[in-house]
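Below is one structure, written out as structure tokens; the observations come after it.
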Amino acid sequence: QKEVEQNSGPLSVPEGAIASLNCTYSDRGSQSFFWYRQYSGKSPELIMSIYSNGDKEDGRFTAQLNKASQYVSLLIRDSQPSDSATYLCAVGGSGAGSYQLTFGKGTKLSVIP
Amino acid sequence: EAGVAQSPRYKIIEKRQSVAFWCNPISGHATLYWYQQILGQGPKLLIQFQNNGVVDDSQLPKDRFSAERLKGVDSTLKIQPAKLEDSAVYLCASSFANYGYTFGSGTRLTVV
């Protein structure tokens with residue numbers, strides 16, 4: 001049974017600070033990793049994908065992947081109140097053509113003005 | 001491009017009744033998924049289709065849930081009979097290759 005673990009939070013950060021969200025996964029063969037943002041009452045929205053070890057930056061968002069430690073993180077710089085949401089970590093399968101994602105329970109982020 | 005379409009948005013039914021949800025994926029996306037998201041939890045996979053074939057339905061409660069994807073496009077998820085614990089948001093998603101999913105707006109089901 002593949003598992004994806006996240007701290008449920010809530011994580012509270014002041015406006016302008018860096019928010020750090022963490023995720024660990026159990027399937028060592030996983031090849032793809034995603035972060036989704038989910039506002040209350042809305043469906044998840046893809047914000048970052050990462051496939052190789054290291055960092056990937058997109059605007060204020062940076063995803064970090066360490067396959068040896070089976071660890072994925074998302075940094076949000078200059079956090080804004082509009083970033084307040086639940087962030088879901090999702091991990092892809094290990095087989096060829098296996099695009100199925102396993103999701104964590106999500107971390108609720110609150111950015112305090 | 002048009003997104004993933006789902007209907008209805010909301011549904012309230014009594015336990016033991018039946019209900020059906022509809023999904024139309026993004027054009028060209030061969031893979032379609034149905035997920036169940038209970039309040040406060042992450043989405044849990046119910047079934048995965050590749051074109052009109054089932055790839056994985058290992059977590060689908062087959063005694064009450066069924067799903068089909070005719071002609072490899074639209075899909076329908078049915079629950080019969082519904083239980084109180086089926087109250088959740090039912091999310092449909094589609095994907096192209098390994099680039100992540102696009103989710104529809106979801107159907108919020110309340111079983112009373």
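Identifiers in this document derive from the order of the structure tokens: chains are assigned A, B, ..., residues are numbered from 1 separately in each chain, and ligands are numbered from 1 in order of occurrence.
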Please build the interface table for chain B against chain A with a cut-off of 10 Å, listing for each qualifying residue the nearest atom pair and the distance in Å to one decimal; count only C-alpha atoms, order rows by chain and increasing number, and write it as CSV.
residue,atom,partner,partner_atom,distance
B:Thr31,CA,A:Tyr99,CA,8.6
B:Leu32,CA,A:Gln100,CA,9.8
B:Tyr33,CA,A:Gln100,CA,8.4
B:Gln37,CA,A:Lys105,CA,9.7
B:Leu39,CA,A:Gly41,CA,9.8
B:Gly40,CA,A:Lys105,CA,7.3
B:Gln41,CA,A:Lys105,CA,4.7
B:Gly42,CA,A:Lys105,CA,4.0
B:Pro43,CA,A:Phe103,CA,6.1
B:Lys44,CA,A:Phe103,CA,7.1
B:Leu45,CA,A:Thr102,CA,7.6
B:Ile47,CA,A:Gln100,CA,9.9
B:Gln48,CA,A:Gln100,CA,7.7
B:Val55,CA,A:Gln100,CA,9.7
B:Asp56,CA,A:Gln100,CA,9.1
B:Val89,CA,A:Ser43,CA,9.1
B:Tyr90,CA,A:Ser43,CA,9.8
B:Leu91,CA,A:Ser43,CA,7.6
B:Cys92,CA,A:Ser43,CA,9.7
B:Ala93,CA,A:Pro44,CA,9.9
B:Ser95,CA,A:Tyr99,CA,8.0
B:Phe96,CA,A:Tyr99,CA,8.8
B:Ala97,CA,A:Tyr99,CA,6.9
B:Asn98,CA,A:Tyr99,CA,5.4
B:Tyr99,CA,A:Ser49,CA,7.6
B:Gly100,CA,A:Phe34,CA,7.1
B:Tyr101,CA,A:Leu46,CA,7.3
B:Thr102,CA,A:Glu45,CA,7.2
B:Phe103,CA,A:Pro44,CA,6.5
B:Gly104,CA,A:Ser43,CA,6.9
B:Ser105,CA,A:Ser43,CA,5.4
B:Gly106,CA,A:Ser43,CA,6.4
B:Thr107,CA,A:Ser43,CA,9.7
B:Arg108,CA,A:Gly41,CA,9.2
message = Among region 6-99 of chain B, which ones does DSSP assign to helix (DSSP H, G or I) (computed from the backbone)? Answer as a list in words.
response =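 For region 6-99 of chain B, the helix (DSSP H, G or I) set is Leu70, Lys71, Gly72, Leu84, Glu85 and Asp86 of chain B.
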Convert the current residue selection to file output with C-alpha atoms, as a compact mmCIF listing (two decimals), in the first residue's frame.
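And here is the file that came out, result.txt:
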# COMPACT_ATOMS: atom_id res chain seq x y z
CA LEU B 70 -18.30 4.35 -22.96
CA LYS B 71 -16.43 5.06 -26.21
CA GLY B 72 -13.40 6.18 -24.22
CA LEU B 84 -24.24 7.54 5.12
CA GLU B 85 -20.45 7.06 4.86
CA ASP B 86 -20.61 7.75 1.12
key: Contacts of Leu60 (chain B) within 8 Å, only C-alpha atoms, excl. fewer than 5 positions in-chain, as a PyMOL selection string   = chain B and resi 46-47+65-66
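Picture a line from CA of Arg16 (chain B) to CA of Ala67 (chain B); it runs 18.0 Å.
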At a cut-off of 12 Å, using only C-alpha atoms, what residues contact Asn66 (chain A)? Leave out same-chain residues fewer than 3 positions from it and give the result as a short mmCIF file (atom, residue, chain, number, x, y, z; two decimals) with all heavy atoms, in the first residue's frame.
data_model
loop_
_atom_site.label_atom_id
_atom_site.label_comp_id
_atom_site.auth_asym_id
_atom_site.auth_seq_id
_atom_site.Cartn_x
_atom_site.Cartn_y
_atom_site.Cartn_z
N ASN A 22 6.03 20.01 3.83
CA ASN A 22 6.82 18.79 3.67
C ASN A 22 5.96 17.57 3.39
O ASN A 22 4.79 17.51 3.80
CB ASN A 22 7.64 18.55 4.93
CG ASN A 22 8.49 19.74 5.28
OD1 ASN A 22 9.15 20.31 4.42
ND2 ASN A 22 8.47 20.14 6.54
N CYS A 23 6.59 16.58 2.77
CA CYS A 23 5.87 15.37 2.36
C CYS A 23 6.87 14.23 2.28
O CYS A 23 7.98 14.41 1.75
CB CYS A 23 5.21 15.63 1.01
SG CYS A 23 4.51 14.22 0.17
N THR A 24 6.51 13.07 2.80
CA THR A 24 7.32 11.86 2.61
C THR A 24 6.46 10.79 1.96
O THR A 24 5.23 10.81 2.08
CB THR A 24 7.88 11.33 3.94
OG1 THR A 24 6.78 11.04 4.83
CG2 THR A 24 8.80 12.34 4.59
N TYR A 25 7.11 9.88 1.24
CA TYR A 25 6.37 8.85 0.53
C TYR A 25 7.04 7.50 0.73
O TYR A 25 8.24 7.41 1.01
CB TYR A 25 6.26 9.20 -0.96
CG TYR A 25 7.58 9.37 -1.67
CD1 TYR A 25 8.17 8.32 -2.37
CD2 TYR A 25 8.24 10.59 -1.65
CE1 TYR A 25 9.39 8.48 -3.02
CE2 TYR A 25 9.46 10.77 -2.30
CZ TYR A 25 10.02 9.71 -2.97
OH TYR A 25 11.22 9.87 -3.61
N ARG A 28 9.65 3.65 -3.04
CA ARG A 28 10.96 4.13 -3.44
C ARG A 28 11.10 4.28 -4.95
O ARG A 28 11.91 5.04 -5.44
CB ARG A 28 12.02 3.16 -2.90
CG ARG A 28 13.45 3.56 -3.16
CD ARG A 28 14.42 2.70 -2.39
NE ARG A 28 14.37 2.99 -0.96
CZ ARG A 28 15.03 4.00 -0.38
NH1 ARG A 28 15.76 4.82 -1.11
NH2 ARG A 28 14.95 4.20 0.92
N SER A 30 8.91 5.58 -7.03
CA SER A 30 8.08 6.65 -7.57
C SER A 30 8.90 7.58 -8.44
O SER A 30 10.05 7.88 -8.14
CB SER A 30 7.41 7.44 -6.45
OG SER A 30 6.53 6.61 -5.71
N GLN A 31 8.29 8.04 -9.54
CA GLN A 31 9.03 8.82 -10.54
C GLN A 31 8.52 10.25 -10.72
O GLN A 31 9.20 11.07 -11.33
CB GLN A 31 8.95 8.11 -11.90
CG GLN A 31 9.58 6.73 -11.91
CD GLN A 31 11.08 6.79 -11.69
OE1 GLN A 31 11.76 7.69 -12.19
NE2 GLN A 31 11.60 5.84 -10.91
N SER A 32 7.32 10.52 -10.23
CA SER A 32 6.74 11.85 -10.46
C SER A 32 6.08 12.35 -9.18
O SER A 32 5.51 11.57 -8.43
CB SER A 32 5.74 11.81 -11.61
OG SER A 32 4.74 10.83 -11.35
N PHE A 33 6.18 13.68 -9.00
CA PHE A 33 5.75 14.28 -7.74
C PHE A 33 5.07 15.61 -8.04
O PHE A 33 5.55 16.39 -8.87
CB PHE A 33 6.96 14.48 -6.82
CG PHE A 33 7.76 13.22 -6.66
CD1 PHE A 33 8.75 12.89 -7.58
CD2 PHE A 33 7.50 12.35 -5.61
CE1 PHE A 33 9.46 11.70 -7.46
CE2 PHE A 33 8.21 11.18 -5.48
CZ PHE A 33 9.19 10.85 -6.40
N ILE A 50 7.51 17.93 -10.22
CA ILE A 50 8.96 17.73 -10.17
C ILE A 50 9.24 16.27 -10.39
O ILE A 50 8.52 15.39 -9.88
CB ILE A 50 9.57 18.28 -8.84
CG1 ILE A 50 11.09 18.23 -8.89
CG2 ILE A 50 9.00 17.54 -7.64
CD1 ILE A 50 11.74 19.06 -7.78
N TYR A 51 10.29 15.99 -11.18
CA TYR A 51 10.57 14.61 -11.57
C TYR A 51 12.00 14.19 -11.22
O TYR A 51 12.31 13.00 -11.18
CB TYR A 51 10.37 14.43 -13.07
CG TYR A 51 8.99 14.82 -13.55
CD1 TYR A 51 8.73 16.11 -14.00
CD2 TYR A 51 7.93 13.91 -13.54
CE1 TYR A 51 7.45 16.48 -14.43
CE2 TYR A 51 6.66 14.28 -13.96
CZ TYR A 51 6.44 15.56 -14.41
OH TYR A 51 5.18 15.92 -14.82
N SER A 52 12.91 15.17 -11.01
CA SER A 52 14.32 14.88 -10.76
C SER A 52 14.75 15.46 -9.43
O SER A 52 14.18 16.45 -8.96
CB SER A 52 15.19 15.49 -11.87
OG SER A 52 14.79 15.03 -13.13
N ASN A 53 15.77 14.86 -8.84
CA ASN A 53 16.31 15.37 -7.59
C ASN A 53 16.75 16.82 -7.74
O ASN A 53 17.25 17.23 -8.78
CB ASN A 53 17.51 14.54 -7.15
CG ASN A 53 17.10 13.25 -6.47
OD1 ASN A 53 16.05 13.17 -5.84
ND2 ASN A 53 17.93 12.24 -6.61
N GLY A 54 16.54 17.59 -6.68
CA GLY A 54 16.96 18.98 -6.70
C GLY A 54 15.79 19.92 -6.53
O GLY A 54 14.76 19.55 -5.98
N ASP A 55 16.00 21.14 -6.98
CA ASP A 55 15.01 22.20 -6.83
C ASP A 55 14.42 22.57 -8.18
O ASP A 55 15.09 22.53 -9.21
CB ASP A 55 15.65 23.45 -6.23
CG ASP A 55 16.15 23.23 -4.83
OD1 ASP A 55 15.97 22.13 -4.29
OD2 ASP A 55 16.73 24.18 -4.26
N LYS A 56 13.15 22.97 -8.15
CA LYS A 56 12.49 23.50 -9.33
C LYS A 56 11.71 24.73 -8.89
O LYS A 56 10.91 24.66 -7.98
CB LYS A 56 11.55 22.47 -9.96
CG LYS A 56 10.80 22.99 -11.17
CD LYS A 56 9.86 21.94 -11.73
CE LYS A 56 9.07 22.46 -12.91
NZ LYS A 56 8.11 21.45 -13.43
N ALA A 63 9.76 23.76 -5.57
CA ALA A 63 9.61 22.37 -5.16
C ALA A 63 10.99 21.76 -5.02
O ALA A 63 11.89 22.04 -5.81
CB ALA A 63 8.79 21.60 -6.18
N SER A 69 16.00 10.19 0.25
CA SER A 69 15.31 10.35 1.53
C SER A 69 13.79 10.20 1.39
O SER A 69 13.08 10.27 2.40
CB SER A 69 15.63 11.73 2.13
OG SER A 69 17.01 11.86 2.36
N GLN A 70 13.32 10.04 0.14
CA GLN A 70 11.88 9.90 -0.15
C GLN A 70 11.12 11.08 0.44
O GLN A 70 10.15 10.91 1.20
CB GLN A 70 11.38 8.54 0.38
CG GLN A 70 12.03 7.38 -0.35
CD GLN A 70 11.67 6.03 0.22
OE1 GLN A 70 12.54 5.28 0.67
NE2 GLN A 70 10.41 5.70 0.21
N TYR A 71 11.56 12.24 0.05
CA TYR A 71 11.09 13.48 0.66
C TYR A 71 10.88 14.53 -0.43
O TYR A 71 11.70 14.70 -1.32
CB TYR A 71 12.18 13.95 1.64
CG TYR A 71 11.96 15.25 2.31
CD1 TYR A 71 11.24 15.35 3.49
CD2 TYR A 71 12.50 16.43 1.79
CE1 TYR A 71 11.06 16.56 4.14
CE2 TYR A 71 12.33 17.65 2.42
CZ TYR A 71 11.61 17.69 3.60
OH TYR A 71 11.43 18.89 4.23
N VAL A 72 9.73 15.19 -0.33
CA VAL A 72 9.39 16.28 -1.25
C VAL A 72 8.95 17.47 -0.42
O VAL A 72 8.28 17.29 0.62
CB VAL A 72 8.21 15.88 -2.18
CG1 VAL A 72 8.05 16.89 -3.31
CG2 VAL A 72 8.38 14.49 -2.72
N SER A 73 9.32 18.66 -0.85
CA SER A 73 8.88 19.83 -0.11
C SER A 73 8.44 20.93 -1.08
O SER A 73 8.78 20.91 -2.27
CB SER A 73 9.97 20.35 0.82
OG SER A 73 11.07 20.82 0.06
#
query = What is the distance between CA of Leu109 (chain A) and CA of Asp27 (chain A), in Å to one decimal?
reply =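 Taking CA of Leu109 (chain A) and CA of Asp27 (chain A), their separation equals 26.0 Å.
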message = Going by DSSP on the backbone, which residues of chain A come out as strand (DSSP E)? List them as a VMD selection string.
response = chain A and resid 4 to 6 11 to 14 19 to 25 33 to 38 45 to 50 54 to 58 61 to 66 71 to 76 85 to 92 101 to 103 107 to 112
Selected residue, from B:Gln36, B:Asp63, B:Phe21, B:His29, that lies nearest to Ser94 (chain B) when counting only C-alpha atoms =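 Once distances to Ser94 (chain B) are computed over only C-alpha atoms, the minimum belongs to B:His29.
Coordinates place CA of Arg77 (chain A) at a distance of 7.2 Å from CA of Gly16 (chain A).
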task = Write out as an MDAnalysis selection string each polymer residue whose atoms come within 9 Å of Asp74 (chain B), counting only C-alpha atoms; drop sequence neighbours fewer than 2 positions from it.
result = chainID B and resid 22:25 68:72 76
